[in-house]
Structures are given as structure tokens and as C-alpha cells.
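Trainee: Enclosed is the structure file protein.pdb (PDB, C-alpha atoms).
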ATOM      1  CA  MET A  74      63.112 114.742 206.952
ATOM      2  CA  THR A  75      61.487 117.662 205.261
ATOM      3  CA  SER A  76      58.587 117.665 202.854
ATOM      4  CA  GLU A  77      60.896 119.558 200.456
ATOM      5  CA  VAL A  78      63.246 116.562 200.267
ATOM      6  CA  ALA A  79      60.327 114.150 199.843
ATOM      7  CA  SER A  80      58.919 116.337 197.070
ATOM      8  CA  LEU A  81      62.272 116.440 195.253
ATOM      9  CA  ILE A  82      62.633 112.665 195.505
ATOM     10  CA  SER A  83      59.078 112.137 194.270
ATOM     11  CA  GLY A  84      59.708 114.366 191.268
ATOM     12  CA  LEU A  85      62.852 112.504 190.247
ATOM     13  CA  VAL A  86      61.972 108.833 190.830
ATOM     14  CA  ARG A  87      60.517 107.336 187.669
ATOM     15  CA  ASP A  88      58.037 104.435 187.578
ATOM     16  CA  VAL A  89      58.822 101.751 184.983
ATOM     17  CA  PRO A  90      55.844  99.391 184.574
ATOM     18  CA  ASP A  91      56.352  95.674 183.950
ATOM     19  CA  PHE A  92      60.056  95.672 184.805
ATOM     20  CA  PRO A  93      61.835  93.367 185.551
ATOM     21  CA  GLU A  94      58.716  91.221 185.143
ATOM     22  CA  PRO A  95      55.074  91.803 184.169
ATOM     23  CA  GLY A  96      53.098  93.255 187.069
ATOM     24  CA  ILE A  97      56.117  94.823 188.814
ATOM     25  CA  VAL A  98      56.531  98.617 188.842
ATOM     26  CA  PHE A  99      60.271  99.344 189.041
ATOM     27  CA  LYS A 100      61.311 102.533 190.836
ATOM     28  CA  ASP A 101      64.086 104.071 188.713
ATOM     29  CA  ILE A 102      66.327 106.285 190.860
ATOM     30  CA  ALA A 103      68.777 107.141 188.049
ATOM     31  CA  PRO A 104      67.287 110.636 187.490
ATOM     32  CA  LEU A 105      67.658 111.352 191.224
ATOM     33  CA  LEU A 106      71.278 110.136 191.257
ATOM     34  CA  ALA A 107      72.036 112.360 188.259
ATOM     35  CA  ASP A 108      70.707 115.467 190.023
ATOM     36  CA  ARG A 109      73.547 116.776 192.207
ATOM     37  CA  THR A 110      71.328 118.905 194.430
ATOM     38  CA  CYS A 111      68.837 116.147 195.180
ATOM     39  CA  LEU A 112      71.576 113.553 195.635
ATOM     40  CA  GLU A 113      73.318 115.798 198.145
ATOM     41  CA  LEU A 114      70.065 116.356 200.064
ATOM     42  CA  VAL A 115      69.355 112.609 200.131
ATOM     43  CA  VAL A 116      72.862 111.796 201.354
ATOM     44  CA  ASN A 117      72.615 114.480 204.053
ATOM     45  CA  GLU A 118      69.216 113.193 205.222
ATOM     46  CA  LEU A 119      70.404 109.581 205.377
ATOM     47  CA  THR A 120      73.635 110.616 207.111
ATOM     48  CA  SER A 121      71.638 112.391 209.815
ATOM     49  CA  LEU A 122      69.971 109.031 210.572
ATOM     50  CA  ALA A 123      73.271 107.134 210.923
ATOM     51  CA  GLY A 124      74.226 108.624 214.304
ATOM     52  CA  GLY A 125      76.348 106.302 216.419
ATOM     53  CA  ALA A 126      76.999 103.797 213.652
ATOM     54  CA  GLN A 127      80.540 102.608 213.034
ATOM     55  CA  ILE A 128      79.831 101.039 209.654
ATOM     56  CA  VAL A 129      77.313 101.690 206.898
ATOM     57  CA  ALA A 130      76.113  98.581 205.060
ATOM     58  CA  GLY A 131      74.729  99.019 201.548
ATOM     59  CA  VAL A 132      72.461  96.510 199.821
ATOM     60  CA  GLU A 133      73.363  95.518 196.268
ATOM     61  CA  ALA A 134      73.159  97.188 193.888
ATOM     62  CA  ARG A 135      71.586 100.627 194.109
ATOM     63  CA  GLY A 136      71.952 100.686 197.884
ATOM     64  CA  PHE A 137      75.733 100.655 197.322
ATOM     65  CA  LEU A 138      75.545 104.046 195.631
ATOM     66  CA  LEU A 139      73.775 105.704 198.535
ATOM     67  CA  ALA A 140      75.615 103.812 201.284
ATOM     68  CA  GLY A 141      79.063 104.745 199.992
ATOM     69  CA  ALA A 142      78.244 108.432 200.048
ATOM     70  CA  VAL A 143      76.592 108.151 203.476
ATOM     71  CA  ALA A 144      79.596 106.274 204.906
ATOM     72  CA  VAL A 145      82.000 109.003 203.777
ATOM     73  CA  ALA A 146      79.735 111.796 205.037
ATOM     74  CA  ALA A 147      79.214 110.037 208.398
ATOM     75  CA  GLY A 148      82.901 109.214 208.848
ATOM     76  CA  CYS A 149      82.171 105.475 208.840
ATOM     77  CA  GLY A 150      83.442 102.419 207.060
ATOM     78  CA  LEU A 151      81.397 100.661 204.381
ATOM     79  CA  VAL A 152      80.378  97.010 204.070
ATOM     80  CA  PRO A 153      78.616  95.563 201.022
ATOM     81  CA  VAL A 154      75.584  93.299 201.281
ATOM     82  CA  ARG A 155      76.099  91.344 198.064
ATOM     83  CA  LYS A 156      74.364  88.766 195.932
ATOM     84  CA  ALA A 157      75.523  85.276 196.889
ATOM     85  CA  GLY A 158      78.826  84.177 195.375
ATOM     86  CA  LYS A 159      80.206  87.696 194.829
ATOM     87  CA  LEU A 160      82.345  88.007 197.987
ATOM     88  CA  PRO A 161      85.420  85.982 198.891
ATOM     89  CA  PRO A 162      85.083  83.738 201.955
ATOM     90  CA  PRO A 163      84.464  83.794 204.799
ATOM     91  CA  THR A 164      80.902  85.045 204.462
ATOM     92  CA  VAL A 165      77.484  84.309 205.878
ATOM     93  CA  ARG A 166      74.640  83.808 203.422
ATOM     94  CA  LYS A 167      70.847  83.975 203.603
ATOM     95  CA  ALA A 168      68.113  83.004 201.152
ATOM     96  CA  TYR A 169      64.890  85.023 201.125
ATOM     97  CA  GLN A 170      61.746  85.621 199.092
ATOM     98  CA  LEU A 171      61.379  88.587 196.718
ATOM     99  CA  GLU A 172      58.045  89.865 195.472
ATOM    100  CA  TYR A 173      58.880  88.129 192.178
ATOM    101  CA  GLY A 174      61.179  85.218 193.098
ATOM    102  CA  ARG A 175      63.913  84.030 195.464
ATOM    103  CA  ALA A 176      67.374  85.416 196.076
ATOM    104  CA  GLU A 177      70.406  84.967 198.315
ATOM    105  CA  ILE A 178      72.661  87.631 199.786
ATOM    106  CA  GLU A 179      75.843  87.508 201.843
ATOM    107  CA  VAL A 180      78.144  89.663 203.954
ATOM    108  CA  PRO A 181      81.796  89.292 204.941
ATOM    109  CA  VAL A 182      82.169  88.008 208.499
ATOM    110  CA  GLN A 183      85.497  89.474 209.523
ATOM    111  CA  VAL A 184      84.531  93.172 209.498
ATOM    112  CA  LEU A 185      81.208  93.343 211.341
ATOM    113  CA  ALA A 186      81.911  91.752 214.739
ATOM    114  CA  GLY A 187      81.094  94.134 217.564
ATOM    115  CA  LYS A 188      80.136  96.995 215.228
ATOM    116  CA  ARG A 189      77.011  99.170 215.197
ATOM    117  CA  VAL A 190      75.731  99.187 211.614
ATOM    118  CA  PHE A 191      73.470 101.598 209.726
ATOM    119  CA  LEU A 192      71.820  99.670 206.890
ATOM    120  CA  VAL A 193      70.986 101.549 203.651
ATOM    121  CA  ASP A 194      68.947 100.571 200.613
ATOM    122  CA  ASP A 195      67.156 102.454 197.874
ATOM    123  CA  VAL A 196      63.630 101.020 197.897
ATOM    124  CA  LEU A 197      61.733  99.163 200.607
ATOM    125  CA  ALA A 198      59.069  96.945 199.063
ATOM    126  CA  THR A 199      58.098  93.749 200.937
ATOM    127  CA  GLY A 200      61.063  93.976 203.322
ATOM    128  CA  GLY A 201      62.512  90.576 202.417
ATOM    129  CA  THR A 202      65.925  91.856 201.357
ATOM    130  CA  LEU A 203      66.366  94.160 204.341
ATOM    131  CA  ALA A 204      65.136  91.534 206.828
ATOM    132  CA  ALA A 205      67.673  89.076 205.378
ATOM    133  CA  ALA A 206      70.392  91.753 205.575
ATOM    134  CA  VAL A 207      69.612  92.403 209.260
ATOM    135  CA  ASP A 208      69.841  88.654 209.953
ATOM    136  CA  LEU A 209      73.179  88.468 208.153
ATOM    137  CA  ILE A 210      74.684  91.463 209.944
ATOM    138  CA  GLU A 211      73.695  89.944 213.282
ATOM    139  CA  ALA A 212      75.005  86.493 212.266
ATOM    140  CA  ALA A 213      78.338  88.163 211.454
ATOM    141  CA  GLY A 214      78.460  89.715 214.937
ATOM    142  CA  GLY A 215      77.223  93.218 214.166
ATOM    143  CA  SER A 216      74.167  95.023 215.499
ATOM    144  CA  VAL A 217      71.854  97.073 213.306
ATOM    145  CA  ALA A 218      71.462 100.556 214.791
ATOM    146  CA  GLY A 219      69.011 101.667 212.123
ATOM    147  CA  ILE A 220      67.761 101.238 208.581
ATOM    148  CA  GLY A 221      67.482 104.094 206.094
ATOM    149  CA  VAL A 222      65.796 103.873 202.710
ATOM    150  CA  LEU A 223      65.227 106.404 199.978
ATOM    151  CA  LEU A 224      61.696 105.241 199.220
ATOM    152  CA  GLU A 225      59.134 102.955 200.854
ATOM    153  CA  ILE A 226      56.276 101.410 198.878
ATOM    154  CA  GLY A 227      53.771 101.420 201.744
ATOM    155  CA  VAL A 228      51.135  99.135 200.253
ATOM    156  CA  LEU A 229      53.617  96.208 200.180
ATOM    157  CA  GLY A 230      54.002  96.152 203.969
ATOM    158  CA  GLY A 231      57.776  96.101 204.264
ATOM    159  CA  ALA A 232      57.894  98.557 207.165
ATOM    160  CA  ALA A 233      55.681  96.312 209.307
ATOM    161  CA  ARG A 234      57.945  93.352 208.565
ATOM    162  CA  LEU A 235      60.996  95.304 209.754
ATOM    163  CA  ALA A 236      59.441  97.124 212.736
ATOM    164  CA  HIS A 237      60.749  94.689 215.340
ATOM    165  CA  LEU A 238      64.259  94.478 213.828
ATOM    166  CA  ALA A 239      65.610  98.056 213.949
ATOM    167  CA  PRO A 240      64.460 101.673 213.714
ATOM    168  CA  LEU A 241      63.414 102.369 210.112
ATOM    169  CA  SER A 242      63.343 105.703 208.287
ATOM    170  CA  ALA A 243      62.145 106.310 204.729
ATOM    171  CA  LEU A 244      62.775 109.649 203.028
ATOM    172  CA  LEU A 245      59.631 109.192 200.911
ATOM    173  CA  ARG A 246      56.634 106.915 201.391
ATOM    174  CA  VAL A 247      54.429 106.173 198.404
TER     175      VAL A 247
END
Can you present the structure in this file as C-alpha cells?
Mentor:
Amino acid sequence: MTSEVASLISGLVRDVPDFPEPGIVFKDIAPLLADRTCLELVVNELTSLAGGAQIVAGVEARGFLLAGAVAVAAGCGLVPVRKAGKLPPPTVRKAYQLEYGRAEIEVPVQVLAGKRVFLVDDVLATGGTLAAAVDLIEAAGGSVAGIGVLLEIGVLGGAARLAHLAPLSALLRV
């Protein structure tokens, strides 16, 4: 990753204080997604990290946007990591803690068995969502070859939580 890409990302990600709850600073990636040049650079950087993967898994919801583009660019299939109850069975499901509550996610079981998976999300905060996604992919028979995120919020410690699970790359650390 180049400092040019990190600088572009930094200039286009907008902080939204007290959203979705008081005390949370939401990282709005909409301006980045709307900028064709930056979006292309981000997709290219993430794609370069997906080497050897057979499937790209994208975490709901903003991770879907990046993962779909990365899957096409990498010549891979795409699997959604969805909120619980959004996929038809059979699925595997996992509950986990967010920085502001609890959530559950799930993946389809029939498409991951024996596959090397590159996991993509937009923002790494505490690591709860991505750790749960790694567990789910493995429970469905896949193996996580790597994790790529657009932005890591370093002070929240998510990278340390994921260090033993799979190689992690963030295009920007704040």
C-alpha cells in the first residue's frame, strides 16, 4: 500500500460524531465510494492482497460494496456475510459483541467448504465482527487466507484481536 492511497482515503472518509449512538464516531465512506479514482485505487489495493483466494467474503453492509468489486477484479466468487435471518438455510450463525451492542451474522454453508477465502470489510474497530466472520467461514468449511479492510481504528485494538486468526491488512490506520 502506498501513502498516496492512504492519503486519498483519509481525505474522503468523513467522521460523523454520535452516530449511530452518542459517543460513537461513524466513519462515512460514501464520499470515497463516489470518487471513481479513489474507489478504483482501493479496489486495486485490496485485490492485490487477495492472492490465492478462491472466494471473497464481504461483511454486511458496506463490506459488500468493496468485496463485490474485489471479487470481480481478482477473478473470484463472492459470498456474503449477512445479518442473521437474511440468508436462506442452511447457514451457520454467530453472535458477537459490538462496541455499542450485540449482533449476529451468518454465512451460507454450501459454498465455502474447502475454499480459501479473502475476507473484506470497510472499517475495523474492535474486531468483533471480523472475528465472528472468521469463525463462521471456518465452521462452514472454508479457510481464511487473509483479511483486508479499508480503514482500521487503531485505538480500539481490533488488529490485536485478529492477529492470530489470519493475515490482516488495512489500507489506512487512524
Trainee: If you apply the PyMOL selection byres ((chain A and resi 181) around 7) to this file, what residues do you get, as a PyMOL selection string?
Mentor: chain A and resi 163-165+179-180+182-184
Trainee: Applied to the shown file, which residues does the PyMOL selection byres ((chain A and resi 234) around 9) return, written as a list of chain:residue names?
Mentor: A:Thr199, A:Gly200, A:Gly201, A:Ala204, A:Gly230, A:Gly231, A:Ala232, A:Ala233, A:Leu235, A:Ala236, A:His237, A:Leu238
Trainee: Restrict the selected residues to C-alpha atoms and save them as a JSON list (two decimals), keeping the file's coordinate frame.
Mentor:
[["chain", "number", "residue", "atom", "x", "y", "z"],
["A", 199, "THR", "CA", 58.10, 93.75, 200.94],
["A", 200, "GLY", "CA", 61.06, 93.98, 203.32],
["A", 201, "GLY", "CA", 62.51, 90.58, 202.42],
["A", 204, "ALA", "CA", 65.14, 91.53, 206.83],
["A", 230, "GLY", "CA", 54.00, 96.15, 203.97],
["A", 231, "GLY", "CA", 57.78, 96.10, 204.26],
["A", 232, "ALA", "CA", 57.89, 98.56, 207.16],
["A", 233, "ALA", "CA", 55.68, 96.31, 209.31],
["A", 235, "LEU", "CA", 61.00, 95.30, 209.75],
["A", 236, "ALA", "CA", 59.44, 97.12, 212.74],
["A", 237, "HIS", "CA", 60.75, 94.69, 215.34],
["A", 238, "LEU", "CA", 64.26, 94.48, 213.83]]
Trainee: Would you pick out the contacts of Cys111 (chain A) at 12 Å or less, using only C-alpha atoms, so that residues sharing its chain but fewer than 2 positions from it are not included, and give the list as JSON, numbers by chain?
Mentor: {"A": [77, 78, 79, 80, 81, 82, 83, 84, 85, 86, 102, 103, 104, 105, 106, 107, 108, 109, 113, 114, 115, 116, 117, 118, 223, 244]}
Trainee: Could those selected residues go to a file with C-alpha atoms, as a tab-separated table (two decimals), in the coordinates of the input?
Mentor:
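Output below, filename selection.tsv:
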chain	number	residue	atom	x	y	z
A	77	GLU	CA	60.90	119.56	200.46
A	78	VAL	CA	63.25	116.56	200.27
A	79	ALA	CA	60.33	114.15	199.84
A	80	SER	CA	58.92	116.34	197.07
A	81	LEU	CA	62.27	116.44	195.25
A	82	ILE	CA	62.63	112.66	195.50
A	83	SER	CA	59.08	112.14	194.27
A	84	GLY	CA	59.71	114.37	191.27
A	85	LEU	CA	62.85	112.50	190.25
A	86	VAL	CA	61.97	108.83	190.83
A	102	ILE	CA	66.33	106.28	190.86
A	103	ALA	CA	68.78	107.14	188.05
A	104	PRO	CA	67.29	110.64	187.49
A	105	LEU	CA	67.66	111.35	191.22
A	106	LEU	CA	71.28	110.14	191.26
A	107	ALA	CA	72.04	112.36	188.26
A	108	ASP	CA	70.71	115.47	190.02
A	109	ARG	CA	73.55	116.78	192.21
A	113	GLU	CA	73.32	115.80	198.14
A	114	LEU	CA	70.06	116.36	200.06
A	115	VAL	CA	69.36	112.61	200.13
A	116	VAL	CA	72.86	111.80	201.35
A	117	ASN	CA	72.61	114.48	204.05
A	118	GLU	CA	69.22	113.19	205.22
A	223	LEU	CA	65.23	106.40	199.98
A	244	LEU	CA	62.78	109.65	203.03
Trainee: Which residues of region 182-217 of chain A sit at most 9 Å from region 141-160 of chain A, using all atoms listed in the file? Give each one's shortest atom pair and distance in Å (one decimal place), in chain and ascending residue order, as JSON lines.
Mentor:
{"residue": "A:Val184", "atom": "CA", "partner": "A:Val152", "partner_atom": "CA", "distance": 7.8}
{"residue": "A:Leu185", "atom": "CA", "partner": "A:Val152", "partner_atom": "CA", "distance": 8.2}
{"residue": "A:Val193", "atom": "CA", "partner": "A:Val143", "partner_atom": "CA", "distance": 8.7}
{"residue": "A:Ala206", "atom": "CA", "partner": "A:Val154", "partner_atom": "CA", "distance": 6.9}
{"residue": "A:Leu209", "atom": "CA", "partner": "A:Val154", "partner_atom": "CA", "distance": 8.7}
{"residue": "A:Ile210", "atom": "CA", "partner": "A:Val154", "partner_atom": "CA", "distance": 8.9}
Trainee: Selected by the PyMOL selection byres ((chain A and resi 239-243) around 6) in the shown coordinates: which residues, as a list in words?
Mentor: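 With the PyMOL selection byres ((chain A and resi 239-243) around 6) on this model, the match is Gly219, Ile220, Gly221, Val222, Leu223, Leu224, Glu225, Leu238, Leu244 and Leu245 of chain A.
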Trainee: Rounded to one decimal, what separation in Å do you get between CA of Val89 (chain A) and CA of Ala130 (chain A)?
Mentor: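 For CA of Val89 (chain A) relative to CA of Ala130 (chain A), the distance reads 26.7 Å.
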